[in-house]
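*Asks:* What follows is the file work.txt, containing compact mmCIF, C-alpha atoms and all ligand atoms:
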```txt
# COMPACT_ATOMS: atom_id res chain seq x y z
CA MET O 129 11.41 3.52 22.07
CA ILE O 130 10.41 4.70 25.56
CA LYS O 131 6.80 3.87 26.44
CA LYS O 132 4.67 7.01 26.85
CA ASP O 133 1.00 7.89 27.26
CA ALA O 134 1.18 9.91 24.04
CA TYR O 135 3.82 10.43 21.35
CA GLU O 136 5.25 13.30 19.35
CA VAL O 137 4.31 12.40 15.77
CA ALA O 138 5.44 13.99 12.50
CA VAL O 139 3.99 13.35 9.03
CA ALA O 140 6.36 14.20 6.17
CA GLY O 141 4.32 14.65 2.98
CA ALA O 142 1.24 15.57 5.04
CA THR O 143 -0.38 17.55 2.20
CA GLY O 144 -0.34 14.61 -0.25
CA ALA O 145 -2.98 11.95 -0.95
CA VAL O 146 -1.28 9.45 1.43
CA GLY O 147 -0.34 12.09 4.02
CA ARG O 148 -3.93 13.34 4.30
CA ALA O 149 -5.11 9.73 4.73
CA MET O 150 -2.49 9.31 7.49
CA LEU O 151 -3.89 12.29 9.39
CA ALA O 152 -7.45 10.99 9.05
CA ILE O 153 -6.46 7.47 10.19
CA LEU O 154 -4.37 8.66 13.16
CA GLU O 155 -7.48 10.58 14.28
CA GLU O 156 -10.01 7.81 13.54
CA ARG O 157 -8.00 5.14 15.38
CA GLN O 158 -7.25 7.52 18.27
CA PHE O 159 -3.53 6.92 17.97
CA PRO O 160 -1.95 8.46 21.11
CA VAL O 161 -0.63 11.66 19.51
CA ALA O 162 0.63 14.29 21.98
CA ASN O 163 1.49 16.77 19.20
CA LEU O 164 1.26 16.45 15.44
CA THR O 165 3.88 18.09 13.22
CA CYS O 166 2.84 18.40 9.56
CA LEU O 167 5.74 18.64 7.10
CA ALA O 168 5.77 19.14 3.34
CA SER O 169 7.71 21.10 0.71
CA ALA O 170 8.36 24.85 0.93
CA ARG O 171 5.38 25.27 -1.46
CA SER O 172 2.93 24.25 1.29
CA ALA O 173 4.61 25.93 4.26
CA GLY O 174 2.08 28.09 6.10
CA SER O 175 -1.01 26.24 4.81
CA THR O 176 -3.06 24.25 7.33
CA LEU O 177 -4.48 20.74 7.61
CA PRO O 178 -7.35 19.60 9.85
CA PHE O 179 -6.57 17.28 12.77
CA ARG O 180 -8.85 16.55 15.74
CA GLY O 181 -11.05 19.57 15.05
CA LYS O 182 -8.16 22.05 14.79
CA GLU O 183 -6.04 23.38 11.94
CA VAL O 184 -2.36 22.36 12.10
CA GLU O 185 0.12 24.60 10.28
CA VAL O 186 2.29 22.88 7.66
CA ARG O 187 6.03 23.46 7.98
CA GLU O 188 8.80 22.98 5.46
CA LEU O 189 10.58 19.63 5.82
CA THR O 190 14.25 20.19 6.73
CA ARG O 191 16.95 18.16 8.45
CA ASP O 192 16.10 20.02 11.68
CA SER O 193 12.41 19.04 11.62
CA PHE O 194 12.73 16.02 13.91
CA LYS O 195 14.06 17.29 17.26
CA GLY O 196 11.81 15.85 20.00
CA ILE O 197 9.76 13.71 17.55
CA ASP O 198 9.20 10.05 18.55
CA ILE O 199 7.57 8.70 15.37
CA ALA O 200 7.90 10.13 11.84
CA LEU O 201 5.57 8.85 9.12
CA PHE O 202 7.10 9.60 5.70
CA SER O 203 5.11 9.77 2.44
CA ALA O 204 6.93 12.42 0.41
CA GLY O 205 8.59 10.22 -2.23
CA GLY O 206 11.71 8.08 -2.30
CA GLY O 207 14.21 10.91 -2.88
CA THR O 208 12.87 12.84 0.11
CA SER O 209 13.00 9.72 2.30
CA LYS O 210 16.59 9.02 1.24
CA GLU O 211 17.53 12.60 2.05
CA PHE O 212 15.66 13.17 5.33
CA ALA O 213 14.95 9.79 7.02
CA PRO O 214 18.57 9.37 8.22
CA ALA O 215 18.39 12.85 9.87
CA ALA O 216 15.16 11.81 11.60
CA VAL O 217 16.76 8.60 12.90
CA GLU O 218 19.79 10.60 14.04
CA ALA O 219 17.39 12.79 16.04
CA GLY O 220 16.05 9.64 17.79
CA CYS O 221 12.90 8.96 15.73
CA VAL O 222 11.44 5.74 14.52
CA VAL O 223 10.72 6.44 10.84
CA ILE O 224 7.89 4.57 9.14
CA ASP O 225 8.58 5.12 5.47
CA ASN O 226 6.01 4.69 2.72
CA SER O 227 8.44 4.97 -0.19
CA SER O 228 10.51 2.31 -1.92
CA ALA O 229 13.76 4.00 -0.79
CA TRP O 230 14.57 1.61 2.07
CA ARG O 231 12.27 -1.39 1.53
CA MET O 232 14.88 -3.85 0.24
CA GLU O 233 17.73 -2.54 2.41
CA PRO O 234 19.08 -5.42 4.56
CA GLY O 235 18.31 -4.69 8.22
CA VAL O 236 15.28 -2.52 7.41
CA PRO O 237 12.09 -4.39 8.37
CA LEU O 238 9.41 -4.42 5.64
CA VAL O 239 6.21 -4.87 7.54
CA VAL O 240 2.57 -5.82 7.11
CA PRO O 241 1.59 -6.11 10.78
CA GLU O 242 -0.86 -9.02 10.31
CA ILE O 243 1.99 -11.01 8.71
CA ASN O 244 5.34 -10.05 10.21
CA ALA O 245 4.90 -7.63 13.13
CA HIS O 246 7.69 -9.65 14.78
CA ALA O 247 10.17 -7.91 12.43
CA ILE O 248 9.57 -4.53 14.13
CA GLY O 249 12.41 -3.46 16.43
CA GLY O 250 12.03 -0.93 19.23
CA GLU O 251 15.08 1.26 18.60
CA PRO O 252 15.34 4.42 16.49
CA GLY O 253 15.58 3.32 12.88
CA ILE O 254 13.62 2.93 9.68
CA ILE O 255 10.68 0.58 9.22
CA ALA O 256 9.51 0.30 5.62
CA ASN O 257 5.89 0.16 4.50
CA PRO O 258 5.52 -2.06 1.42
CA ASN O 259 4.06 -1.06 -1.93
CA CYS O 260 0.25 -1.00 -2.01
CA SER O 261 -0.09 -3.74 -4.65
CA THR O 262 2.18 -6.00 -2.63
CA ILE O 263 0.36 -5.38 0.67
CA GLN O 264 -3.09 -6.41 -0.51
CA MET O 265 -1.71 -9.44 -2.38
CA VAL O 266 0.32 -10.80 0.55
CA MET O 267 -2.68 -10.32 2.88
CA ALA O 268 -4.53 -12.85 0.69
CA LEU O 269 -1.50 -15.09 0.13
CA LYS O 270 -0.32 -15.52 3.73
CA PRO O 271 -3.18 -17.78 4.97
CA ILE O 272 -2.86 -19.89 1.80
CA HIS O 273 0.93 -20.13 2.18
CA ASP O 274 0.48 -21.31 5.78
CA LEU O 275 -1.85 -24.09 4.56
CA TYR O 276 -0.26 -25.34 1.35
CA LYS O 277 3.09 -23.51 0.79
CA ILE O 278 2.94 -21.31 -2.28
CA ARG O 279 5.38 -21.95 -5.13
CA ARG O 280 4.33 -19.41 -7.73
CA VAL O 281 1.92 -16.51 -8.17
CA VAL O 282 0.78 -14.98 -11.47
CA VAL O 283 -0.86 -11.61 -10.85
CA SER O 284 -2.40 -8.84 -12.98
CA THR O 285 -3.18 -5.60 -11.19
CA TYR O 286 -5.87 -3.02 -11.95
CA GLN O 287 -4.48 0.01 -10.09
CA SER O 288 -6.44 3.17 -9.39
CA VAL O 289 -5.09 6.61 -10.23
CA SER O 290 -4.90 7.65 -6.55
CA GLY O 291 -1.77 5.44 -6.44
CA SER O 292 -0.09 8.21 -8.48
CA GLY O 293 -1.13 10.99 -6.09
CA GLN O 294 -3.53 13.91 -6.07
CA LYS O 295 -2.50 15.29 -9.49
CA ALA O 296 -3.40 11.99 -11.18
CA MET O 297 -6.84 11.96 -9.56
CA ASP O 298 -7.38 15.51 -10.85
CA GLU O 299 -6.17 14.44 -14.33
CA LEU O 300 -8.64 11.56 -14.57
CA GLY O 301 -11.52 13.83 -13.47
CA GLN O 302 -10.54 16.53 -16.00
CA GLN O 303 -10.13 14.07 -18.89
CA MET O 304 -13.55 12.48 -18.22
CA GLN O 305 -15.13 15.94 -18.30
CA GLN O 306 -13.19 17.10 -21.39
CA LEU O 307 -14.17 13.98 -23.34
CA GLN O 308 -17.83 14.32 -22.28
CA GLU O 309 -17.71 17.86 -23.66
CA GLY O 310 -16.15 16.65 -26.94
CA LYS O 311 -12.81 18.34 -26.21
CA GLY O 312 -9.32 16.85 -26.66
CA VAL O 313 -7.22 15.73 -23.69
CA HIS O 314 -3.60 16.54 -22.91
CA PRO O 315 -2.02 13.83 -20.73
CA SER O 316 0.47 15.13 -18.21
CA VAL O 317 0.86 12.72 -15.26
CA TYR O 318 0.63 9.63 -17.52
CA PRO O 319 2.20 9.17 -20.98
CA HIS O 320 -1.26 8.43 -22.47
CA GLN O 321 -4.91 9.30 -21.91
CA ILE O 322 -6.07 7.49 -18.75
CA ALA O 323 -9.82 8.16 -19.13
CA TYR O 324 -11.55 5.14 -20.78
CA ASN O 325 -8.15 3.43 -21.09
CA CYS O 326 -5.82 0.88 -19.40
CA LEU O 327 -2.07 1.52 -19.27
CA PRO O 328 0.18 -1.54 -18.74
CA HIS O 329 2.84 0.75 -17.32
CA ILE O 330 3.35 1.65 -13.63
CA ASP O 331 6.57 3.29 -12.51
CA VAL O 332 9.53 3.09 -14.92
CA PHE O 333 10.50 0.31 -17.32
CA LEU O 334 13.66 -1.64 -16.45
CA GLU O 335 16.13 -3.41 -18.73
CA ASN O 336 14.52 -6.80 -18.07
CA GLY O 337 11.23 -5.63 -19.66
CA TYR O 338 9.39 -5.40 -16.34
CA THR O 339 8.38 -2.17 -14.64
CA LYS O 340 9.77 -1.12 -11.27
CA GLU O 341 6.27 -1.60 -9.80
CA GLU O 342 6.33 -5.22 -11.00
CA MET O 343 9.78 -5.83 -9.51
CA LYS O 344 8.55 -4.35 -6.20
CA MET O 345 5.80 -7.00 -6.11
CA ILE O 346 8.35 -9.80 -6.74
CA ASN O 347 10.99 -8.72 -4.24
CA GLU O 348 8.79 -7.33 -1.48
CA THR O 349 6.57 -10.46 -1.41
CA ARG O 350 9.60 -12.64 -0.70
CA LYS O 351 10.89 -10.34 2.04
CA ILE O 352 7.54 -10.00 3.86
CA MET O 353 6.70 -13.71 3.60
CA GLU O 354 10.29 -14.56 4.60
CA ASP O 355 10.48 -17.06 1.74
CA ASP O 356 12.77 -16.41 -1.23
CA SER O 357 11.46 -19.51 -3.01
CA ILE O 358 8.12 -17.86 -3.93
CA ASP O 359 8.03 -16.89 -7.62
CA VAL O 360 5.83 -13.93 -8.57
CA SER O 361 5.00 -13.11 -12.20
CA PRO O 362 3.26 -9.70 -12.27
CA THR O 363 1.72 -7.39 -14.87
CA THR O 364 0.78 -4.04 -13.35
CA VAL O 365 -1.88 -1.96 -15.08
CA ARG O 366 -3.28 1.52 -14.39
CA VAL O 367 -7.04 1.75 -14.85
CA PRO O 368 -9.45 4.71 -14.77
CA VAL O 369 -10.65 4.08 -11.20
CA MET O 370 -10.20 6.78 -8.51
CA ILE O 371 -9.57 4.65 -5.40
CA SER O 372 -8.84 0.95 -4.69
CA HIS O 373 -6.57 -1.44 -6.50
CA SER O 374 -7.94 -4.78 -7.78
CA GLU O 375 -5.85 -7.86 -8.54
CA ALA O 376 -6.48 -11.12 -10.41
CA VAL O 377 -4.21 -13.65 -8.71
CA ASN O 378 -3.40 -17.24 -9.77
CA VAL O 379 -1.65 -19.18 -6.99
CA GLU O 380 0.26 -22.45 -7.38
CA CYS O 381 0.87 -24.44 -4.19
CA GLU O 382 2.97 -27.49 -3.31
CA GLN O 383 -0.07 -29.56 -2.34
CA GLU O 384 -3.59 -30.18 -3.67
CA ILE O 385 -6.02 -27.52 -2.48
CA ASP O 386 -9.18 -27.97 -0.43
CA LEU O 387 -11.13 -24.84 -1.34
CA GLU O 388 -13.26 -24.89 1.83
CA ARG O 389 -10.13 -24.79 3.99
CA VAL O 390 -8.85 -21.85 1.94
CA ARG O 391 -12.13 -19.96 2.42
CA GLU O 392 -12.09 -20.61 6.18
CA SER O 393 -8.46 -19.52 6.54
CA LEU O 394 -9.00 -16.35 4.50
CA ALA O 395 -12.14 -15.47 6.48
CA ALA O 396 -10.29 -16.03 9.79
CA PHE O 397 -7.25 -13.97 8.79
CA PRO O 398 -7.23 -10.54 10.51
CA GLY O 399 -7.80 -7.71 8.05
CA VAL O 400 -9.28 -9.94 5.32
CA VAL O 401 -12.98 -10.31 4.46
CA VAL O 402 -14.30 -12.87 2.03
CA VAL O 403 -16.90 -11.43 -0.37
CA ASP O 404 -17.75 -14.39 -2.55
CA SER O 405 -21.37 -15.10 -3.45
CA PRO O 406 -21.28 -15.06 -7.25
CA GLY O 407 -24.87 -16.38 -7.38
CA LYS O 408 -25.95 -13.09 -5.81
CA ASN O 409 -23.49 -11.02 -7.94
CA GLU O 410 -21.41 -10.44 -4.80
CA TYR O 411 -17.66 -10.12 -5.27
CA PRO O 412 -15.10 -7.48 -4.24
CA LEU O 413 -15.54 -4.14 -6.01
CA ALA O 414 -13.24 -1.11 -6.00
CA ILE O 415 -16.10 1.25 -5.15
CA ASP O 416 -17.08 -0.90 -2.15
CA ALA O 417 -13.51 -1.28 -0.83
CA ALA O 418 -12.81 2.50 -1.02
CA GLY O 419 -12.83 3.98 2.47
CA LYS O 420 -12.72 0.54 4.13
CA ASP O 421 -9.83 -1.00 6.05
CA GLU O 422 -10.17 -4.66 5.05
CA VAL O 423 -8.68 -6.44 2.05
CA GLN O 424 -11.63 -8.05 0.23
CA VAL O 425 -11.14 -11.45 -1.40
CA GLY O 426 -13.59 -13.17 -3.73
CA ARG O 427 -13.99 -15.25 -6.92
CA ILE O 428 -12.20 -18.00 -5.00
CA ARG O 429 -12.05 -20.98 -7.33
CA LEU O 430 -9.84 -23.88 -8.32
CA ASP O 431 -7.76 -23.59 -11.46
CA LEU O 432 -9.41 -26.11 -13.80
CA GLY O 433 -6.05 -27.16 -15.17
CA ASN O 434 -4.30 -27.99 -11.90
CA PRO O 435 -5.62 -29.09 -8.45
CA ARG O 436 -2.64 -27.37 -6.78
CA CYS O 437 -3.66 -23.98 -8.23
CA LEU O 438 -6.43 -21.52 -7.44
CA ASN O 439 -7.67 -18.14 -8.62
CA LEU O 440 -8.62 -15.10 -6.51
CA TRP O 441 -9.86 -11.53 -6.99
CA VAL O 442 -8.35 -9.23 -4.35
CA VAL O 443 -9.43 -5.60 -3.79
CA ALA O 444 -8.36 -2.99 -1.22
CA ASP O 445 -8.26 0.76 -0.67
CA ASN O 446 -4.71 1.56 -1.81
CA LEU O 447 -4.54 4.80 0.20
CA ARG O 448 -5.63 3.02 3.41
CA LYS O 449 -4.41 -0.61 3.76
CA GLY O 450 -2.06 -0.05 0.81
CA ALA O 451 -0.35 2.93 2.46
CA ALA O 452 -1.60 5.09 5.36
CA LEU O 453 -3.48 2.47 7.41
CA ASN O 454 -0.65 -0.05 7.18
CA ALA O 455 1.80 2.66 8.33
CA VAL O 456 -0.40 3.60 11.31
CA GLN O 457 -0.82 -0.11 12.17
CA ILE O 458 3.00 -0.38 12.22
CA ALA O 459 3.08 2.60 14.63
CA GLU O 460 0.43 0.89 16.79
CA ALA O 461 2.45 -2.33 16.89
CA LEU O 462 5.53 -0.30 17.81
CA VAL O 463 3.91 1.46 20.79
CA ARG O 464 2.29 -1.81 21.98
CA ARG O 465 5.76 -3.32 22.54
P1 LIG O 501 1.21 13.34 -3.64
O1 LIG O 501 -0.26 13.42 -3.47
O2 LIG O 501 1.81 13.84 -4.90
O3 LIG O 501 1.91 14.08 -2.39
C1 LIG O 501 3.30 14.23 -2.29
C2 LIG O 501 3.65 14.78 -0.91
O4 LIG O 501 5.07 14.83 -0.78
C3 LIG O 501 3.14 16.19 -0.69
O5 LIG O 501 2.85 16.37 0.68
C4 LIG O 501 4.35 17.03 -1.08
O6 LIG O 501 4.37 18.32 -0.50
C5 LIG O 501 5.45 16.18 -0.48
N1 LIG O 501 6.75 16.48 -1.06
C6 LIG O 501 7.12 16.33 -2.35
N2 LIG O 501 8.40 16.73 -2.51
C7 LIG O 501 8.82 17.14 -1.29
C8 LIG O 501 10.04 17.68 -0.79
N3 LIG O 501 11.10 17.86 -1.58
N4 LIG O 501 10.13 18.00 0.53
C9 LIG O 501 9.06 17.82 1.33
N5 LIG O 501 7.87 17.31 0.93
C10 LIG O 501 7.77 16.98 -0.38
O7 LIG O 501 1.72 11.85 -3.51
P2 LIG O 501 1.15 10.65 -2.59
O8 LIG O 501 0.25 9.83 -3.38
O9 LIG O 501 0.69 11.18 -1.28
O10 LIG O 501 2.48 9.80 -2.40
C11 LIG O 501 3.58 10.29 -1.69
C12 LIG O 501 4.63 9.19 -1.61
O11 LIG O 501 4.11 8.12 -0.82
C13 LIG O 501 4.98 8.54 -2.96
O12 LIG O 501 5.96 9.25 -3.65
C14 LIG O 501 5.43 7.17 -2.54
O13 LIG O 501 6.80 7.19 -2.19
C15 LIG O 501 4.58 6.90 -1.33
N6 LIG O 501 3.42 6.07 -1.70
C16 LIG O 501 3.44 4.82 -1.30
C17 LIG O 501 2.42 3.99 -1.63
C18 LIG O 501 2.47 2.57 -1.24
O14 LIG O 501 2.29 1.78 -2.11
N7 LIG O 501 2.69 2.25 0.01
C19 LIG O 501 1.34 4.42 -2.37
C20 LIG O 501 1.33 5.73 -2.77
C21 LIG O 501 2.39 6.54 -2.42
P3 LIG O 501 3.72 19.57 -1.30
O15 LIG O 501 2.24 19.44 -1.19
O16 LIG O 501 4.25 20.73 -0.53
O17 LIG O 501 4.21 19.49 -2.70
O1 LIG O 502 1.19 3.48 -8.47
C1 LIG O 502 0.63 3.02 -7.47
O2 LIG O 502 -0.52 2.59 -7.52
C2 LIG O 502 1.37 2.95 -6.20
C3 LIG O 502 2.47 3.93 -6.18
C4 LIG O 502 3.45 3.88 -5.33
C5 LIG O 502 4.57 4.78 -5.43
C6 LIG O 502 4.44 5.99 -6.11
C7 LIG O 502 5.54 6.82 -6.25
C8 LIG O 502 6.76 6.47 -5.74
C9 LIG O 502 5.79 4.44 -4.86
C10 LIG O 502 5.88 3.19 -4.05
O3 LIG O 502 5.33 3.19 -2.96
O4 LIG O 502 6.49 2.20 -4.44
C11 LIG O 502 6.89 5.26 -5.06
C12 LIG O 502 8.22 4.91 -4.54
O5 LIG O 502 8.97 4.23 -5.26
O6 LIG O 502 8.52 5.30 -3.43
```
Would you put the structure from the file into structure tokens?
Ligand code: NAP
Ligand code: 3JN
*Replies:*
Amino acid sequence: MIKKDAYEVAVAGATGAVGRAMLAILEERQFPVANLTCLASARSAGSTLPFRGKEVEVRELTRDSFKGIDIALFSAGGGTSKEFAPAAVEAGCVVIDNSSAWRMEPGVPLVVPEINAHAIGGEPGIIANPNCSTIQMVMALKPIHDLYKIRRVVVSTYQSVSGSGQKAMDELGQQMQQLQEGKGVHPSVYPHQIAYNCLPHIDVFLENGYTKEEMKMINETRKIMEDDSIDVSPTTVRVPVMISHSEAVNVECEQEIDLERVRESLAAFPGVVVVDSPGKNEYPLAIDAAGKDEVQVGRIRLDLGNPRCLNLWVVADNLRKGAALNAVQIAEALVRR
């Protein structure tokens, strides 16, 4: 991509939960945007979104939307990315795609900039943003892998409803209110009531008994860490939290673990903060991580059954580091080249 003082940027899916976070983060981080094009479905065409103190009109996403655009951030679902990202690349864009449509495609970089920014190319093409649950987990795993080489990870996620978009956030709010008022609830986004409940079901079930979300965590971790030998055993769970995903992670390494070295490496890793003073009741919390950029890691402790294993509690804002922030960081790495 040609180096410029400022870039023509498009956001496809700008009206969604991730798209709105993208606009906010582009503005907050003063990404060099010459002009912002907001794209969404025909339903939103003509509405406006705030950016740098002005209202930007939303246009319908079509194959012709990308003429003159340098960077297109996509967060409008996998089907939309499959349909429109190739047209954007054809028009000369670098596409940074938040969906799962291209993540495992050979030749498409799958990037968490703190880990594998080197995978980003400079030519028009697609760069994939990983799944939110994968991003925050690999941010905590990478410094440990560099120290002791990870063999296997057993992870349970506690994923907030914002991971399912704006309608799911509205559904949780409505169900809480309806139950407070003694009324019945009528689940629509999820197959069951989400208020006061935990659903061990994220994305669709596959023939092997795992969900697609769980398979994303297995396959994407290997691609980002550039190590197909890492085994990941995930259970992904939706919980009645608005923002931030939490994860209980058990890590098995090749060598015995010195916990102090792990703490130091995690604390020194860009984008990670260690919050781990259990004596003061200090550990990562979803409500504290919401709105923040860092992945918070705490409850760092050895597995009592094996000196090569440890346990962690990892929390991050899924709309920011899990999606929009990571995508903007990829764009920043791209323009720095
Ligand atoms: P959302 O709140 O439901 O928003 C969906 C967005 O996509 C809206 O802007 C919507 O436009 C737009 N859209 C839907 N169908 C479209 C079409 N046919 N043409 C153009 N625009 C269309 O969902 P979200 O939470 O922002 O998530 C959006 C996507 O981002 C997800 O489907 C997923 O692929 C990806 N995502 C990734 C992560 C991650 O882990 N990295 C996390 C969450 C989401 P309208 O408002 O006009 O309907
Ligand atoms: O459920 C979550 O917490 C994260 C959701 C991610 C998501 C939602 C809809 C479609 C994805 C994703 O990023 O993997 C997709 C998708 O498959 O593109």
*Asks:* Could I get the residue neighbourhood of ligand LIG 502 (chain O) at 9 Å, counting only C-alpha atoms and all ligand atoms, as a PyMOL selection string?
*Replies:* chain O and resi 203-207+209+225-230+257-261+286-293+330-331+340-341+344+364-366+372-373+446-447+450-451
*Asks:* Just give me the gap between atom CA of O:Ala256 and atom O12 of ligand LIG 501 (chain O) in Å, one decimal is fine.
*Replies:* 13.4 Å
*Asks:* Which residues, written as an NGL selection string, have at least one atom at most 7 Å from O:Ile346, with only C-alpha atoms counted and residues fewer than 4 positions away on the same chain left out?
*Replies:* :O and (342 or 350 or 360)
*Asks:* Nearest to ligand LIG 501 (chain O) among O:Lys449, O:Lys420, O:Lys132, O:Lys195, with distances taken over all atoms listed in the file: which residue is it?
*Replies:*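 Result for the nearest residue to ligand LIG 501 (chain O): O:Lys449.
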*Asks:* Please return, as an mmCIF file with C-alpha atoms, keeping the file's coordinate frame, all polymer residues that have at least one atom within 6 Å of the point (-0.9, 7.7, 4.5); use all atoms listed in the file and the file's own coordinate frame.
*Replies:*
```cif
data_model
loop_
_atom_site.group_PDB
_atom_site.id
_atom_site.type_symbol
_atom_site.label_atom_id
_atom_site.label_comp_id
_atom_site.auth_asym_id
_atom_site.auth_seq_id
_atom_site.Cartn_x
_atom_site.Cartn_y
_atom_site.Cartn_z
ATOM 1 C CA VAL O 146 -1.280 9.450 1.430
ATOM 2 C CA GLY O 147 -0.340 12.090 4.020
ATOM 3 C CA ALA O 149 -5.110 9.730 4.730
ATOM 4 C CA MET O 150 -2.490 9.310 7.490
ATOM 5 C CA ALA O 451 -0.350 2.930 2.460
ATOM 6 C CA ALA O 452 -1.600 5.090 5.360
#
```
*Asks:* What does the distance from atom CA of O:Ala200 to atom CA of O:Ala418 come to in Å, to one decimal?
*Replies:*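 That distance, rounded to one decimal, is 25.5 Å.
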*Asks:* O:Ile278: which residues within 12 Å, counting all atoms listed in the file, same-chain residues fewer than 2 positions away excluded, as JSON, numbers by chain?
*Replies:* {"O": [266, 268, 269, 270, 271, 272, 273, 274, 275, 276, 280, 281, 282, 349, 350, 353, 355, 356, 357, 358, 359, 360, 378, 379, 380, 381, 382, 383, 384, 385, 436, 437, 438]}
*Asks:* Kindly indicate which residue among O:Thr190, O:Ser374, O:Asn325, O:Ser172 lies nearest to ligand LIG 501 (chain O), using only C-alpha atoms and all ligand atoms for the distances.
*Replies:*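 Of O:Thr190, O:Ser374, O:Asn325, O:Ser172, the one nearest ligand LIG 501 (chain O), counting only C-alpha atoms and all ligand atoms, is O:Ser172.
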*Asks:* Could you check which of O:Lys131, O:Arg191, O:Arg279, O:Arg465 is closest to ligand LIG 501 (chain O), using all atoms listed in the file?
*Replies:* O:Arg191
*Asks:* Work out how far apart atom CA of O:Ile415 and atom C2 of ligand LIG 501 (chain O) are and give it in Å to one decimal.
*Replies:*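 Rounded to one decimal, the two atoms are 24.3 Å apart.
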*Asks:* List as a short mmCIF file (atom, residue, chain, number, x, y, z; two decimals) with C-alpha atoms, in the coordinates of the input the protein and nucleic acid residues near stretch 177-187 of chain O, meaning an atom at most 10 Å away when all atoms listed in the file are counted, but skip any in the same chain fewer than 4 places from it.
*Replies:*
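This is the output file out-v9.cif:
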```
data_model
loop_
_atom_site.label_atom_id
_atom_site.label_comp_id
_atom_site.auth_asym_id
_atom_site.auth_seq_id
_atom_site.Cartn_x
_atom_site.Cartn_y
_atom_site.Cartn_z
CA VAL O 139 3.99 13.35 9.03
CA ALA O 140 6.36 14.20 6.17
CA GLY O 141 4.32 14.65 2.98
CA ALA O 142 1.24 15.57 5.04
CA THR O 143 -0.38 17.55 2.20
CA ARG O 148 -3.93 13.34 4.30
CA LEU O 151 -3.89 12.29 9.39
CA ALA O 152 -7.45 10.99 9.05
CA LEU O 154 -4.37 8.66 13.16
CA GLU O 155 -7.48 10.58 14.28
CA GLU O 156 -10.01 7.81 13.54
CA GLN O 158 -7.25 7.52 18.27
CA ASN O 163 1.49 16.77 19.20
CA LEU O 164 1.26 16.45 15.44
CA THR O 165 3.88 18.09 13.22
CA CYS O 166 2.84 18.40 9.56
CA LEU O 167 5.74 18.64 7.10
CA ALA O 168 5.77 19.14 3.34
CA SER O 169 7.71 21.10 0.71
CA ALA O 170 8.36 24.85 0.93
CA ARG O 171 5.38 25.27 -1.46
CA SER O 172 2.93 24.25 1.29
CA ALA O 173 4.61 25.93 4.26
CA SER O 193 12.41 19.04 11.62
#
```
*Asks:* Do you know which residues lie at most 12 Å from (-6.4, -14.9, 5.5), with coordinates as in the file and all atoms listed in the file counted, and could you write them as a PyMOL selection string?
*Replies:* chain O and resi 242-243+264-275+389-402+422-426+442
*Asks:* So, counting only C-alpha atoms, which residue among O:Gly196, O:Pro368, O:Gly337, O:Gly301 is closest to O:Ala216?
*Replies:*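 The answer is O:Gly196, which sits nearest to O:Ala216.
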*Asks:* Find the residue from O:Thr363, O:Ser175, O:Asn244, O:Ser405 that sits nearest to ligand LIG 501 (chain O); use only C-alpha atoms and all ligand atoms when measuring.
*Replies:* O:Ser175
*Asks:* Out of O:Glu251, O:Val317, O:Leu413, O:Thr339, which residue has the shortest atom-to-atom distance to O:Val443 when counting only C-alpha atoms?
*Replies:* O:Leu413
